[in-house]
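File shown here: input11.csv, holding CSV, C-alpha atoms.
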chain,number,residue,atom,x,y,z
A,1,MET,CA,86.5,-11.0,45.9
A,2,ASN,CA,88.1,-13.1,43.3
A,3,LEU,CA,91.3,-15.1,43.7
A,4,TYR,CA,93.4,-12.1,42.8
A,5,GLY,CA,91.9,-9.8,45.4
A,6,ARG,CA,89.7,-7.9,43.0
A,7,PRO,CA,85.9,-7.5,43.7
A,8,SER,CA,83.7,-9.9,41.8
A,9,VAL,CA,80.2,-9.2,40.6
A,10,GLY,CA,77.8,-9.9,43.4
A,11,ALA,CA,80.4,-10.5,46.0
A,12,PRO,CA,80.2,-8.5,49.3
A,13,PRO,CA,82.7,-5.6,49.3
A,14,CYS,CA,85.1,-6.8,52.0
A,15,SER,CA,88.9,-7.2,52.1
A,16,THR,CA,89.1,-10.0,54.6
A,17,GLY,CA,86.1,-12.1,53.9
A,18,TYR,CA,82.7,-11.0,55.3
A,19,PRO,CA,81.3,-8.9,58.1
A,20,LEU,CA,81.8,-10.7,61.4
A,21,GLU,CA,78.8,-9.7,63.5
A,22,ARG,CA,75.1,-9.6,63.5
A,23,GLY,CA,72.7,-9.1,66.3
A,24,ALA,CA,71.9,-12.6,67.5
A,25,HIS,CA,73.6,-13.9,70.6
A,26,LEU,CA,73.6,-17.3,72.2
A,27,GLY,CA,73.6,-17.9,76.0
A,28,THR,CA,74.6,-21.5,76.4
A,29,PRO,CA,76.4,-22.4,79.7
A,30,VAL,CA,80.0,-23.5,79.1
A,31,GLN,CA,81.8,-25.6,81.8
A,32,PHE,CA,85.5,-25.1,82.5
A,33,PHE,CA,87.7,-27.2,84.7
A,34,PHE,CA,90.2,-25.5,86.9
A,35,GLY,CA,92.0,-28.0,89.0
A,36,LYS,CA,89.2,-29.6,91.1
A,37,TYR,CA,86.8,-26.7,90.7
A,38,MET,CA,84.1,-26.3,88.1
A,39,ALA,CA,82.7,-23.0,87.1
A,40,GLN,CA,79.8,-22.3,84.8
A,41,ILE,CA,80.0,-19.4,82.5
A,42,SER,CA,77.3,-18.3,80.0
A,43,PRO,CA,79.1,-16.8,77.1
A,44,GLN,CA,77.4,-14.4,74.7
A,45,ILE,CA,78.6,-15.9,71.4
A,46,ALA,CA,77.6,-13.7,68.4
A,47,LEU,CA,76.6,-15.4,65.2
A,48,PRO,CA,78.8,-14.1,62.3
A,49,ASP,CA,77.3,-13.0,59.1
A,50,TYR,CA,78.9,-15.3,56.6
A,51,PRO,CA,77.1,-16.5,53.5
A,52,SER,CA,75.9,-20.0,53.1
A,53,GLU,CA,76.9,-20.1,49.5
A,54,ILE,CA,80.2,-19.5,47.7
A,55,GLN,CA,79.9,-16.1,46.0
A,56,ILE,CA,82.8,-16.1,43.4
A,57,ASP,CA,81.9,-16.4,39.8
A,58,ARG,CA,83.4,-19.3,37.8
A,59,ARG,CA,85.1,-16.9,35.4
A,60,ASP,CA,87.1,-15.5,38.3
A,61,VAL,CA,88.5,-18.9,39.3
A,62,PRO,CA,91.9,-19.5,37.4
A,63,PHE,CA,91.6,-23.3,37.9
A,64,LYS,CA,90.7,-26.0,35.4
A,65,ASP,CA,88.0,-28.5,36.2
A,66,GLU,CA,90.7,-31.1,37.0
A,67,GLU,CA,92.0,-29.0,39.9
A,68,LEU,CA,88.5,-28.2,41.1
A,69,LEU,CA,87.8,-31.9,41.2
A,70,ARG,CA,91.1,-32.7,42.9
A,71,LEU,CA,90.3,-30.2,45.7
A,72,TYR,CA,86.9,-31.7,46.2
A,73,SER,CA,88.4,-35.2,46.2
A,74,MET,CA,90.9,-34.4,48.9
A,75,MET,CA,88.2,-32.7,51.1
A,76,LYS,CA,85.8,-35.6,50.6
A,77,LEU,CA,88.5,-38.2,51.3
A,78,ALA,CA,89.4,-36.6,54.6
A,79,ARG,CA,85.7,-36.3,55.6
A,80,THR,CA,85.0,-40.0,54.7
A,81,PHE,CA,88.2,-41.1,56.5
A,82,GLU,CA,87.4,-39.3,59.7
A,83,GLU,CA,83.8,-40.3,59.9
A,84,LYS,CA,85.0,-43.9,59.6
A,85,LEU,CA,87.7,-43.3,62.1
A,86,ALA,CA,85.2,-42.1,64.7
A,87,SER,CA,83.2,-45.3,64.1
A,88,LEU,CA,86.3,-47.4,64.6
A,89,TYR,CA,87.1,-45.5,67.8
A,90,ARG,CA,83.7,-46.4,69.2
A,91,GLN,CA,84.4,-50.1,68.3
A,92,GLY,CA,87.5,-50.0,70.4
A,93,LYS,CA,89.8,-50.6,67.4
A,94,ILE,CA,91.8,-47.3,67.8
A,95,PHE,CA,94.3,-46.8,70.6
A,96,GLY,CA,94.2,-43.5,72.5
A,97,ALA,CA,92.1,-40.5,71.7
A,98,VAL,CA,90.8,-39.5,68.3
A,99,TYR,CA,90.7,-35.9,67.1
A,100,VAL,CA,89.1,-35.0,63.7
A,101,GLY,CA,88.8,-31.9,61.5
A,102,ILE,CA,85.3,-32.4,60.3
A,103,GLY,CA,84.1,-29.0,59.2
A,104,GLN,CA,87.6,-27.6,58.6
A,105,GLU,CA,88.5,-29.3,55.4
A,106,ALA,CA,88.5,-26.1,53.2
A,107,THR,CA,91.3,-24.5,55.2
A,108,SER,CA,93.5,-27.6,55.0
A,109,ALA,CA,93.1,-28.3,51.3
A,110,GLY,CA,93.0,-24.7,50.2
A,111,CYS,CA,96.3,-23.8,52.0
A,112,ALA,CA,98.1,-26.9,51.0
A,113,SER,CA,97.2,-26.3,47.3
A,114,GLN,CA,99.2,-23.0,47.4
A,115,LEU,CA,102.5,-24.6,48.5
A,116,GLU,CA,105.3,-25.4,46.0
A,117,SER,CA,107.8,-28.1,45.8
A,118,GLY,CA,110.3,-27.8,48.6
A,119,ASP,CA,108.0,-26.0,50.9
A,120,TYR,CA,107.4,-27.5,54.4
A,121,LEU,CA,104.3,-27.6,56.5
A,122,SER,CA,103.4,-28.8,60.0
A,123,MET,CA,99.9,-29.8,61.1
A,124,VAL,CA,98.2,-30.5,64.3
A,125,ALA,CA,95.2,-32.9,64.5
A,126,ARG,CA,92.6,-31.5,62.1
A,127,ASN,CA,94.4,-31.1,58.8
A,128,LEU,CA,94.0,-34.5,57.1
A,129,ALA,CA,92.9,-32.9,53.8
A,130,ALA,CA,96.3,-31.2,53.7
A,131,TYR,CA,98.0,-34.6,54.2
A,132,PHE,CA,96.1,-36.1,51.4
A,133,TYR,CA,96.8,-33.1,49.1
A,134,ARG,CA,100.5,-33.6,49.7
A,135,GLY,CA,100.3,-37.2,48.6
A,136,VAL,CA,100.0,-39.2,51.8
A,137,GLU,CA,98.0,-42.4,51.1
A,138,PRO,CA,94.9,-43.1,53.3
A,139,ARG,CA,96.1,-46.7,54.0
A,140,HIS,CA,99.3,-45.4,55.5
A,141,VAL,CA,97.4,-43.0,57.7
A,142,MET,CA,95.0,-45.7,58.8
A,143,ALA,CA,97.8,-48.1,59.6
A,144,ARG,CA,99.3,-45.4,61.9
A,145,TRP,CA,96.0,-44.9,63.7
A,146,PHE,CA,95.9,-48.7,64.3
A,147,GLY,CA,99.4,-48.4,65.8
A,148,LYS,CA,100.9,-50.8,63.3
A,149,ASP,CA,104.6,-51.3,62.5
A,150,GLN,CA,104.9,-49.1,59.4
A,151,THR,CA,107.4,-46.5,58.4
A,152,PRO,CA,108.3,-43.8,59.2
A,153,SER,CA,107.0,-44.0,62.8
A,154,HIS,CA,106.7,-47.7,63.4
A,155,GLY,CA,103.6,-47.4,65.5
A,156,ARG,CA,104.8,-44.7,67.8
A,157,GLU,CA,102.8,-41.6,66.8
A,158,LEU,CA,99.4,-43.0,65.8
A,159,GLY,CA,97.5,-40.8,63.4
A,160,LEU,CA,97.6,-37.7,65.4
A,161,PHE,CA,101.2,-36.8,64.7
A,162,LEU,CA,101.8,-37.7,61.1
A,163,ALA,CA,105.0,-36.5,59.6
A,164,ASP,CA,107.2,-37.4,56.7
A,165,ILE,CA,109.8,-34.8,55.7
A,166,ASP,CA,111.5,-36.8,53.0
A,167,LYS,CA,108.5,-37.8,51.0
A,168,HIS,CA,105.9,-35.1,51.7
A,169,GLY,CA,107.7,-32.1,53.3
A,170,ILE,CA,105.6,-32.6,56.5
A,171,ILE,CA,107.7,-31.9,59.6
A,172,PRO,CA,107.2,-33.7,62.9
A,173,TYR,CA,104.5,-32.5,65.3
A,174,HIS,CA,106.2,-30.8,68.3
A,175,ASN,CA,104.1,-31.1,71.5
A,176,GLY,CA,106.6,-30.4,74.2
A,177,SER,CA,104.2,-27.6,75.0
A,178,MET,CA,101.1,-26.2,73.3
A,179,ALA,CA,102.2,-24.0,70.2
A,180,SER,CA,105.7,-25.4,70.3
A,181,TRP,CA,105.3,-26.0,66.6
A,182,ILE,CA,105.5,-22.2,66.0
A,183,PRO,CA,109.2,-21.7,67.2
A,184,ALA,CA,110.0,-25.0,65.6
A,185,GLY,CA,108.6,-23.8,62.3
A,186,ALA,CA,110.6,-20.6,62.7
A,187,GLY,CA,113.7,-22.8,62.9
A,188,TYR,CA,112.8,-24.5,59.6
A,189,ALA,CA,112.2,-21.1,58.0
A,190,LEU,CA,115.5,-19.9,59.3
A,191,ALA,CA,117.2,-22.9,57.6
A,192,PHE,CA,115.5,-21.9,54.3
A,193,LYS,CA,116.9,-18.4,54.7
A,194,LEU,CA,120.4,-19.4,55.6
A,195,ARG,CA,120.5,-21.8,52.7
A,196,ARG,CA,119.1,-19.1,50.4
A,197,LEU,CA,116.2,-21.4,49.3
A,198,PRO,CA,113.0,-19.9,47.9
A,199,ASN,CA,110.8,-21.9,50.2
A,200,VAL,CA,108.3,-21.2,53.0
A,201,MET,CA,107.4,-23.0,56.2
A,202,LEU,CA,103.7,-23.1,56.8
A,203,CYS,CA,102.3,-24.0,60.3
A,204,PHE,CA,98.7,-24.8,61.0
A,205,THR,CA,97.5,-24.0,64.5
A,206,GLY,CA,94.3,-23.4,66.4
A,207,ASP,CA,93.2,-20.3,68.3
A,208,GLY,CA,93.8,-22.0,71.6
A,209,ALA,CA,97.5,-22.3,70.8
A,210,THR,CA,97.8,-18.5,70.2
A,211,SER,CA,97.7,-17.8,73.9
A,212,PRO,CA,100.8,-19.8,75.2
A,213,GLY,CA,104.2,-18.2,75.2
A,214,ASP,CA,105.7,-20.3,72.4
A,215,PHE,CA,103.4,-18.6,69.9
A,216,TYR,CA,104.8,-15.2,70.8
A,217,GLU,CA,108.4,-16.3,71.0
A,218,GLY,CA,108.2,-18.0,67.6
A,219,LEU,CA,106.6,-15.1,65.8
A,220,ASN,CA,108.9,-12.6,67.5
A,221,PHE,CA,111.9,-14.5,66.3
A,222,ALA,CA,110.5,-14.9,62.8
A,223,SER,CA,109.7,-11.2,62.6
A,224,ILE,CA,113.1,-10.0,63.7
A,225,HIS,CA,114.8,-12.1,61.1
A,226,LYS,CA,112.3,-11.7,58.4
A,227,LEU,CA,111.8,-15.4,58.1
A,228,PRO,CA,109.5,-17.1,55.4
A,229,LEU,CA,107.1,-18.4,58.0
A,230,VAL,CA,103.3,-18.5,57.4
A,231,ILE,CA,101.0,-19.2,60.4
A,232,ILE,CA,97.5,-20.5,59.5
A,233,CYS,CA,95.3,-20.1,62.5
A,234,GLU,CA,92.0,-22.0,62.3
A,235,VAL,CA,89.5,-20.4,64.7
A,236,ASN,CA,87.0,-23.2,65.1
A,237,GLN,CA,85.1,-21.4,67.9
A,238,PHE,CA,86.3,-23.4,70.8
A,239,ALA,CA,89.6,-24.2,72.3
A,240,TYR,CA,88.3,-27.5,73.8
A,241,SER,CA,85.3,-25.9,75.4
A,242,THR,CA,86.6,-22.3,75.7
A,243,PRO,CA,85.3,-19.7,73.2
A,244,PRO,CA,87.7,-17.1,71.9
A,245,HIS,CA,86.4,-14.2,73.9
A,246,LEU,CA,87.1,-16.1,77.2
A,247,GLN,CA,90.7,-16.9,76.3
A,248,MET,CA,92.0,-13.7,74.6
A,249,PRO,CA,91.2,-10.0,75.1
A,250,VAL,CA,91.1,-9.1,71.3
A,251,LYS,CA,88.4,-9.9,68.9
A,252,ASP,CA,90.5,-11.6,66.3
A,253,VAL,CA,93.8,-13.5,66.4
A,254,ALA,CA,95.0,-11.3,63.6
A,255,ASP,CA,94.8,-8.3,66.1
A,256,ARG,CA,97.9,-9.7,67.8
A,257,ALA,CA,100.0,-9.2,64.6
A,258,PRO,CA,100.9,-5.5,65.2
A,259,ALA,CA,102.9,-6.6,68.2
A,260,PHE,CA,105.3,-8.3,65.8
A,261,ASP,CA,104.9,-5.9,62.9
A,262,ILE,CA,103.9,-8.7,60.5
A,263,TYR,CA,101.3,-9.1,57.7
A,264,ALA,CA,98.0,-10.5,58.9
A,265,GLU,CA,94.4,-10.9,57.7
A,266,THR,CA,91.2,-12.6,58.8
A,267,ALA,CA,89.0,-14.5,56.4
A,268,PHE,CA,86.0,-16.9,56.2
A,269,GLY,CA,87.5,-20.4,56.4
A,270,ASN,CA,84.6,-22.4,55.0
A,271,ASP,CA,84.6,-20.7,51.5
A,272,LEU,CA,87.4,-22.7,49.7
A,273,PHE,CA,88.2,-19.8,47.3
A,274,THR,CA,88.4,-17.2,50.1
A,275,VAL,CA,90.8,-19.6,51.8
A,276,ILE,CA,92.9,-20.0,48.7
A,277,ALA,CA,93.1,-16.2,48.0
A,278,ALA,CA,94.1,-15.4,51.6
A,279,ALA,CA,96.6,-18.2,51.8
A,280,ARG,CA,98.1,-17.1,48.5
A,281,ARG,CA,98.6,-13.6,49.7
A,282,GLY,CA,100.3,-14.7,53.0
A,283,ILE,CA,102.5,-17.3,51.2
A,284,GLU,CA,103.6,-14.8,48.5
A,285,HIS,CA,104.4,-12.2,51.2
A,286,ALA,CA,106.6,-14.7,53.1
A,287,ARG,CA,108.3,-16.0,50.0
A,288,SER,CA,109.2,-12.6,48.8
A,289,GLY,CA,111.4,-11.9,51.8
A,290,LYS,CA,109.1,-9.6,53.6
A,291,GLY,CA,108.9,-11.7,56.7
A,292,PRO,CA,106.2,-13.9,58.4
A,293,ALA,CA,102.4,-13.8,57.8
A,294,LEU,CA,99.6,-14.6,60.1
A,295,ILE,CA,96.4,-15.7,58.3
A,296,GLU,CA,93.3,-16.3,60.5
A,297,PHE,CA,90.4,-18.4,59.2
A,298,LYS,CA,87.0,-18.4,61.0
A,299,THR,CA,85.6,-21.9,60.8
A,300,PHE,CA,83.8,-24.4,63.0
A,301,ARG,CA,84.7,-27.7,64.5
A,302,GLN,CA,81.6,-29.9,63.8
A,303,ARG,CA,82.7,-32.6,66.3
A,304,GLY,CA,83.9,-32.4,69.9
A,305,HIS,CA,87.5,-31.5,70.8
A,306,GLY,CA,88.0,-35.3,70.6
A,307,GLU,CA,85.6,-38.1,70.0
A,308,HIS,CA,85.3,-38.5,73.7
A,309,ASP,CA,83.7,-35.0,73.9
A,310,ASP,CA,80.0,-34.7,73.4
A,311,MET,CA,80.0,-30.9,72.7
A,312,ALA,CA,77.4,-30.3,75.4
A,313,TYR,CA,78.7,-26.8,75.7
A,314,VAL,CA,77.7,-25.9,72.1
A,315,SER,CA,74.2,-24.7,71.5
A,316,LYS,CA,71.9,-26.1,68.9
A,317,GLU,CA,71.6,-22.7,67.2
A,318,LEU,CA,75.4,-22.4,66.8
A,319,ARG,CA,75.7,-25.9,65.4
A,320,GLU,CA,72.9,-25.4,62.9
A,321,TYR,CA,74.3,-22.1,61.8
A,322,TRP,CA,77.7,-23.6,60.9
A,323,GLU,CA,76.2,-26.8,59.4
A,324,GLU,CA,74.4,-24.7,56.9
A,325,ARG,CA,77.9,-23.4,56.0
A,326,ASP,CA,79.6,-26.8,55.8
A,327,PRO,CA,82.6,-26.3,53.5
A,328,ILE,CA,82.2,-29.5,51.5
A,329,ALA,CA,78.5,-29.0,50.9
A,330,MET,CA,79.0,-25.4,49.9
A,331,TYR,CA,81.8,-26.3,47.5
A,332,ARG,CA,79.8,-29.2,46.0
A,333,ARG,CA,76.8,-26.9,45.4
A,334,TRP,CA,79.1,-24.3,43.8
A,335,MET,CA,80.6,-26.9,41.4
A,336,ILE,CA,77.2,-28.1,40.3
A,337,GLU,CA,75.5,-24.7,40.0
A,338,ARG,CA,78.3,-22.4,39.0
A,339,ALA,CA,81.0,-24.6,37.5
A,340,LYS,CA,78.4,-26.8,35.8
A,341,ILE,CA,80.3,-30.0,36.8
A,342,ALA,CA,78.1,-33.1,36.4
A,343,VAL,CA,76.7,-34.6,39.6
A,344,GLY,CA,77.7,-38.0,38.4
A,345,MET,CA,81.4,-37.0,38.5
A,346,LEU,CA,81.1,-35.9,42.1
A,347,THR,CA,79.2,-39.0,43.1
A,348,ARG,CA,82.0,-41.2,41.6
A,349,ILE,CA,84.5,-39.3,43.7
A,350,ASP,CA,82.4,-40.0,46.8
A,351,GLU,CA,82.3,-43.7,45.9
A,352,VAL,CA,86.0,-43.9,45.3
A,353,ALA,CA,86.7,-42.2,48.7
A,354,ALA,CA,84.5,-44.8,50.5
A,355,ARG,CA,86.2,-47.6,48.7
A,356,GLN,CA,89.7,-46.2,49.5
A,357,ILE,CA,88.8,-46.1,53.2
A,358,GLU,CA,87.6,-49.7,53.3
A,359,GLU,CA,90.8,-50.8,51.6
A,360,ALA,CA,92.8,-48.7,54.0
A,361,ILE,CA,91.2,-50.6,57.0
A,362,GLU,CA,92.0,-54.0,55.4
A,363,TYR,CA,95.6,-52.9,54.8
A,364,ALA,CA,96.0,-51.6,58.4
A,365,GLU,CA,94.5,-54.8,59.9
A,366,SER,CA,96.9,-57.0,57.9
A,367,LEU,CA,100.0,-55.4,59.4
A,368,PRO,CA,101.7,-56.6,62.6
A,369,PHE,CA,102.1,-54.5,65.7
A,370,PRO,CA,105.7,-53.3,66.6
A,371,LYS,CA,107.8,-55.8,68.4
A,372,ALA,CA,108.0,-55.2,72.1
A,373,GLU,CA,111.8,-55.3,72.1
A,374,THR,CA,111.9,-52.2,69.9
A,375,VAL,CA,110.1,-50.0,72.4
A,376,THR,CA,113.2,-47.9,73.1
A,377,ASP,CA,114.4,-47.7,69.5
A,378,ARG,CA,115.0,-44.1,68.5
A,379,LEU,CA,114.2,-43.0,72.1
A,380,PHE,CA,117.8,-42.7,73.3
A,381,ALA,CA,121.0,-41.9,71.4
A,382,PRO,CA,123.1,-44.9,70.6
A,383,SER,CA,125.5,-46.0,73.3
A,384,PRO,CA,128.2,-48.6,73.5
A,385,HIS,CA,126.4,-49.9,76.6
A,386,ASP,CA,123.3,-50.7,74.6
A,387,PRO,CA,122.2,-54.4,74.9
A,388,THR,CA,122.7,-56.5,71.9
A,389,PRO,CA,119.7,-58.0,70.1
A,390,GLU,CA,120.4,-61.3,71.8
A,391,ASP,CA,120.4,-59.6,75.2
A,392,ARG,CA,117.2,-57.9,74.6
A,393,LYS,CA,115.4,-60.9,73.3
A,394,ASN,CA,114.5,-62.3,76.7
A,395,ASN,CA,113.7,-59.0,78.4
A,396,PHE,CA,110.4,-58.5,76.7
A,397,GLU,CA,107.4,-60.8,76.4
A,398,PRO,CA,105.6,-60.7,73.1
A,399,ILE,CA,102.3,-58.8,73.3
A,400,GLU,CA,99.5,-60.7,71.6
A,401,THR,CA,96.8,-58.1,71.8
A,402,PRO,CA,97.5,-54.7,73.3
A,403,ALA,CA,95.0,-53.7,75.9
A,404,ILE,CA,93.6,-50.3,76.4
A,405,PRO,CA,94.8,-48.2,78.2
A,406,ALA,CA,97.7,-50.5,79.6
A,407,LEU,CA,99.8,-52.9,77.6
A,408,THR,CA,99.5,-56.2,79.5
A,409,ALA,CA,101.8,-59.2,79.0
A,410,SER,CA,100.0,-62.4,78.2
A,411,ASN,CA,101.1,-64.4,81.3
A,412,GLU,CA,100.4,-61.4,83.7
A,413,ARG,CA,97.0,-61.0,82.2
A,414,LYS,CA,96.1,-64.3,83.6
A,415,THR,CA,96.8,-63.0,87.1
A,416,GLY,CA,95.2,-59.7,86.5
A,417,GLU,CA,98.4,-57.8,87.0
A,418,HIS,CA,100.1,-55.2,84.8
A,419,PHE,CA,103.8,-54.7,84.3
What would you get if you wrote out this structure as structure tokens?
Amino acid sequence: MNLYGRPSVGAPPCSTGYPLERGAHLGTPVQFFFGKYMAQISPQIALPDYPSEIQIDRRDVPFKDEELLRLYSMMKLARTFEEKLASLYRQGKIFGAVYVGIGQEATSAGCASQLESGDYLSMVARNLAAYFYRGVEPRHVMARWFGKDQTPSHGRELGLFLADIDKHGIIPYHNGSMASWIPAGAGYALAFKLRRLPNVMLCFTGDGATSPGDFYEGLNFASIHKLPLVIICEVNQFAYSTPPHLQMPVKDVADRAPAFDIYAETAFGNDLFTVIAAARRGIEHARSGKGPALIEFKTFRQRGHGEHDDMAYVSKELREYWEERDPIAMYRRWMIERAKIAVGMLTRIDEVAARQIEEAIEYAESLPFPKAETVTDRLFAPSPHDPTPEDRKNNFEPIETPAIPALTASNERKTGEHF
């Protein structure tokens, strides 16, 4: 398929990507935790039949080399950033848990590339390439991971919940409950419709977040009111350690769309051009006033659910299969072999990405932590009973070096106590 949905020479004849099944099955035990009980289940996970090379012909890609290089740059920058972030986490320099999107860069960059000025999007924890495509600087992301005092969050959301509506059209991450970003996204889409704006709201989500009730409430509301909402579901094979067939009774997330009478399709998420084509169809559908779209991308999370997760539940065969279909490696080979882009140009992009990340670390380390007396800022609505800055000054002791996991005041650290 080319980017306009027409068959290309040599491409498999398929409307949603590629055939999903082949005969091989994996029988690796997967552990699930239910309260204090552990159960071992041996899922039969079928290897899909996706190609390990991008099939589209260069003549069918309506992008100039500059845009092709930009897409590669955003994907490579995200990969380099997250590999370094994982290393910093192991050095104890990052507070809290670290979740990365290594292996899912094509869905992030490809979908973000199809949005227009004024469109909004929300992301969870694995869409760093989309942040960078929207113009977020690596140093600002790194500073937030370090918990430093920097706008707009001032150390409160770390790097997991990046948001900046004013500058980049990225709405806040809503985590009151899993999938709460879907009804929140429907609210933003409703605002676009009420204001008669030609914009769309795009929400990234994972397959694990399509089972909670918020997913259904949000899509149901969006469908009833024909809202310009696009849901991008990245099926990365495991919701933490649970494979799709053990958390939903249908084969594909897109199979849930008929309940809402909305547009949906399933596609291969590691082929950048397949992602762009599918995202474009969904976005155009929503923007034209026809209601929401659900686009499902099959991909793979190359790291654990978080950096604390060793992926012991993933078999060697499954890892190797998807590593052969790494989205950045596939795209790089395509650019060299099909687009005839010089290797040296790509190597320079790699070097620039590495340098940007090192500069981002230096920038983050140079910033101060938030002041302790600001801990309740923006947490409660203003009140006439709020203490004055002078009153608050003596209520908090400056924190020299935040400890993990508790923040310990300097004089109480000497006694071994925590406040």
- Task: Give me the residues within 12 Å of Arg79 (chain A) as a PyMOL selection string, counting only C-alpha atoms and dropping any in the same chain fewer than 4 places off.
- Result: chain A and resi 72-75+83-86+100-106+108-109+126-130+132+138+302-303+326-329+350+353-354+357
Kindly provide, as a PDB file with C-alpha atoms, in the frame of the given file, the polymer residues lying within 12 Å of (106.6, -12.6, 57.2), counting only C-alpha atoms and using the coordinates exactly as they appear in the file.
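The file below, selection_15.pdb, is the result:
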ATOM      1  CA  ALA A 186     110.600 -20.600  62.700  1.00  0.00           C
ATOM      2  CA  ALA A 189     112.200 -21.100  58.000  1.00  0.00           C
ATOM      3  CA  LEU A 190     115.500 -19.900  59.300  1.00  0.00           C
ATOM      4  CA  VAL A 200     108.300 -21.200  53.000  1.00  0.00           C
ATOM      5  CA  MET A 201     107.400 -23.000  56.200  1.00  0.00           C
ATOM      6  CA  LEU A 202     103.700 -23.100  56.800  1.00  0.00           C
ATOM      7  CA  GLY A 218     108.200 -18.000  67.600  1.00  0.00           C
ATOM      8  CA  LEU A 219     106.600 -15.100  65.800  1.00  0.00           C
ATOM      9  CA  ASN A 220     108.900 -12.600  67.500  1.00  0.00           C
ATOM     10  CA  PHE A 221     111.900 -14.500  66.300  1.00  0.00           C
ATOM     11  CA  ALA A 222     110.500 -14.900  62.800  1.00  0.00           C
ATOM     12  CA  SER A 223     109.700 -11.200  62.600  1.00  0.00           C
ATOM     13  CA  ILE A 224     113.100 -10.000  63.700  1.00  0.00           C
ATOM     14  CA  HIS A 225     114.800 -12.100  61.100  1.00  0.00           C
ATOM     15  CA  LYS A 226     112.300 -11.700  58.400  1.00  0.00           C
ATOM     16  CA  LEU A 227     111.800 -15.400  58.100  1.00  0.00           C
ATOM     17  CA  PRO A 228     109.500 -17.100  55.400  1.00  0.00           C
ATOM     18  CA  LEU A 229     107.100 -18.400  58.000  1.00  0.00           C
ATOM     19  CA  VAL A 230     103.300 -18.500  57.400  1.00  0.00           C
ATOM     20  CA  ILE A 231     101.000 -19.200  60.400  1.00  0.00           C
ATOM     21  CA  ALA A 257     100.000  -9.200  64.600  1.00  0.00           C
ATOM     22  CA  PHE A 260     105.300  -8.300  65.800  1.00  0.00           C
ATOM     23  CA  ASP A 261     104.900  -5.900  62.900  1.00  0.00           C
ATOM     24  CA  ILE A 262     103.900  -8.700  60.500  1.00  0.00           C
ATOM     25  CA  TYR A 263     101.300  -9.100  57.700  1.00  0.00           C
ATOM     26  CA  ALA A 264      98.000 -10.500  58.900  1.00  0.00           C
ATOM     27  CA  ARG A 281      98.600 -13.600  49.700  1.00  0.00           C
ATOM     28  CA  GLY A 282     100.300 -14.700  53.000  1.00  0.00           C
ATOM     29  CA  ILE A 283     102.500 -17.300  51.200  1.00  0.00           C
ATOM     30  CA  GLU A 284     103.600 -14.800  48.500  1.00  0.00           C
ATOM     31  CA  HIS A 285     104.400 -12.200  51.200  1.00  0.00           C
ATOM     32  CA  ALA A 286     106.600 -14.700  53.100  1.00  0.00           C
ATOM     33  CA  ARG A 287     108.300 -16.000  50.000  1.00  0.00           C
ATOM     34  CA  SER A 288     109.200 -12.600  48.800  1.00  0.00           C
ATOM     35  CA  GLY A 289     111.400 -11.900  51.800  1.00  0.00           C
ATOM     36  CA  LYS A 290     109.100  -9.600  53.600  1.00  0.00           C
ATOM     37  CA  GLY A 291     108.900 -11.700  56.700  1.00  0.00           C
ATOM     38  CA  PRO A 292     106.200 -13.900  58.400  1.00  0.00           C
ATOM     39  CA  ALA A 293     102.400 -13.800  57.800  1.00  0.00           C
ATOM     40  CA  LEU A 294      99.600 -14.600  60.100  1.00  0.00           C
ATOM     41  CA  ILE A 295      96.400 -15.700  58.300  1.00  0.00           C
TER      42      ILE A 295
END
Could you work out an axis-aligned box for region 274-284 of chain A, taking every atom the file lists and adding 6 Å on each side, and report centre and edge lengths in Å to one decimal, as lines of an AutoDock Vina configuration file?
center_x = 96.0
center_y = -16.8
center_z = 50.5
size_x = 27.2
size_y = 18.4
size_z = 17.0
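CA of Gly208 (chain A) is found 12.9 Å from CA of Arg301 (chain A).
The spacing separating CA of Ile336 (chain A) from CA of Phe63 (chain A) amounts to 15.4 Å.
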- Item | Option closest in space to Lys340 (chain A), from A:Tyr321, A:Asp65, A:Ser315, A:Glu358 [counting all atoms listed in the file] | A:Asp65
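The interatomic distance for the pair CA of Val141 (chain A) and CA of Ile170 (chain A) works out to 13.3 Å.
The nearest approach to Ala46 (chain A) among the residues A:Glu317, A:Asp164, A:Asp119, A:Glu337, with all atoms listed in the file taken into account, belongs to A:Glu317.
Shortest atom-to-atom contact with Ala184 (chain A) among A:Thr266, A:Thr274, A:Gln114, A:Ser122: A:Ser122, counting all atoms listed in the file.
Closest approach to Glu359 (chain A) among A:Phe81, A:Tyr216, A:Phe192, A:Phe273 is made by A:Phe81 (distances from all atoms listed in the file).
Distances from A:Tyr120, A:Phe95, A:Tyr313, A:Phe146 to Ala239 (chain A) were compared using only C-alpha atoms, and the smallest one belongs to A:Tyr313.
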- Task: Excluding Asp207 (chain A) and residues on its chain fewer than 5 positions from it, collect all residues at most 10 Å away from it, counting all atoms listed in the file, and give them as number ranges by chain.
- Result: A: 179, 232-239, 243-244, 247-248, 252-253, 296-298
- Query: What lies within 6 Å of region 304-309 of chain A using all atoms listed in the file, ignoring chain neighbours under 5 positions off, as an MDAnalysis selection string?
  - Reply: chainID A and resid 98:99 240
Keeping C-alpha atoms, export the residues of the selection given above as a JSON list (two decimals), keeping the file's coordinate frame.
[["chain", "number", "residue", "atom", "x", "y", "z"],
["A", 98, "VAL", "CA", 90.80, -39.50, 68.30],
["A", 99, "TYR", "CA", 90.70, -35.90, 67.10],
["A", 240, "TYR", "CA", 88.30, -27.50, 73.80]]
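When only C-alpha atoms are used to measure the gap to Ala97 (chain A), the shortest distance among A:Ile276, A:Ala125, A:Ile341, A:Ala143 belongs to A:Ala125.
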